[in-house]
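In what follows, a single structure is set out as structure tokens and then discussed.
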Amino acid sequence: MNMSIRNLQRKKFYKVLIISLLIIIIGYVYQCIMVHYETEKYKIPGQLIKIYNDKMHIYSEGDGTPTLVFTVGSGTPSAYTDYYFIQKSI
């Protein structure tokens, strides 16, 4: 009797493990597909400049002095969308 309970618990554990792994794999594949799709659909405004071994996104507009630099705040997903209207009006 004790062995059958352990076998049932082991089977249940493996079922949960397999289902969890399938969900993770499906989520990973979906994420990869959508990143590729959205990279093609939504082009980055501005340009990417290589600095050391990394790339920095720069969006510049206008000319003259003084030069204003807007930086991303903590937790801000996109400085471009945060400062777009301010940059247009200045």
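The chains in the structure tokens are called A, B, ... from first to last as shown; in each chain the residues are counted from 1, and the ligands are counted from 1 in the order shown.
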
Query raised in the report: Can you list, as an NGL selection string, every residue of chain A that DSSP puts in helix (DSSP H, G or I)?
Result: :A and (2-41 or 79-89)

Query raised in the report: Which residues come within 10 Å of range 61-71 of chain A, counting only C-alpha atoms, excluding same-chain residues fewer than 5 positions away, as JSON, numbers by chain?
Result: {"A": [46, 76, 78, 79, 80, 82, 83, 86, 87, 88, 90]}

Find the spatial neighbours of Pro45 in chain A, counting only C-alpha atoms, within a cut-off of 7 Å - ignore same-chain residues fewer than 2 positions away - and output them as a compact mmCIF listing (two decimals) with N, CA and C atoms, in the first residue's frame.
# COMPACT_ATOMS: atom_id res chain seq x y z
N LYS A 43 10.21 49.71 -36.51
CA LYS A 43 11.61 50.12 -36.65
C LYS A 43 11.96 51.13 -35.56
N GLN A 47 19.08 56.22 -34.27
CA GLN A 47 20.15 55.34 -34.73
C GLN A 47 20.80 54.65 -33.54
N TYR A 59 18.46 59.32 -30.35
CA TYR A 59 17.47 60.01 -31.17
C TYR A 59 17.74 61.49 -31.04

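The two atoms in question, CA of Tyr28 in chain A and CA of Val72 in chain A, are spaced 28.2 Å apart.
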
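All residues within chain A that the backbone DSSP calculation assigns to strand (DSSP E) are Gln47, Leu48, Ile49, Lys50, Ile51, Asp54, Lys55, Met56, His57 and Ile58 of chain A.
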
Give me the residues within 10 Å of Leu48 in chain A as a PDB file with N, CA and C atoms, in the first residue's frame, counting only C-alpha atoms and dropping any in the same chain fewer than 5 places off.
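Contents of result_37.pdb, freshly written:
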ATOM      1  N   ASP A  54      28.906  47.477 -26.856  1.00  0.00           N
ATOM      2  CA  ASP A  54      27.459  47.576 -26.730  1.00  0.00           C
ATOM      3  C   ASP A  54      26.936  48.629 -27.686  1.00  0.00           C
ATOM      4  N   LYS A  55      25.618  48.692 -27.831  1.00  0.00           N
ATOM      5  CA  LYS A  55      25.004  49.699 -28.694  1.00  0.00           C
ATOM      6  C   LYS A  55      24.118  50.609 -27.861  1.00  0.00           C
ATOM      7  N   MET A  56      24.160  51.902 -28.184  1.00  0.00           N
ATOM      8  CA  MET A  56      23.328  52.887 -27.507  1.00  0.00           C
ATOM      9  C   MET A  56      22.394  53.517 -28.529  1.00  0.00           C
ATOM     10  N   HIS A  57      21.132  53.626 -28.158  1.00  0.00           N
ATOM     11  CA  HIS A  57      20.144  54.227 -29.044  1.00  0.00           C
ATOM     12  C   HIS A  57      20.151  55.731 -28.860  1.00  0.00           C
ATOM     13  N   ILE A  58      20.348  56.467 -29.956  1.00  0.00           N
ATOM     14  CA  ILE A  58      20.374  57.929 -29.933  1.00  0.00           C
ATOM     15  C   ILE A  58      19.294  58.457 -30.870  1.00  0.00           C
ATOM     16  N   TYR A  59      18.464  59.319 -30.349  1.00  0.00           N
ATOM     17  CA  TYR A  59      17.467  60.010 -31.173  1.00  0.00           C
ATOM     18  C   TYR A  59      17.742  61.493 -31.044  1.00  0.00           C
TER      19      TYR A  59
END

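Between CA of Lys50 in chain A and CA of Val29 in chain A lies a distance of 28.9 Å.
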
Query raised in the report: To one decimal place, how far is CA of Ile44 in chain A from CA of Thr81 in chain A in Å?
Result: 11.8 Å
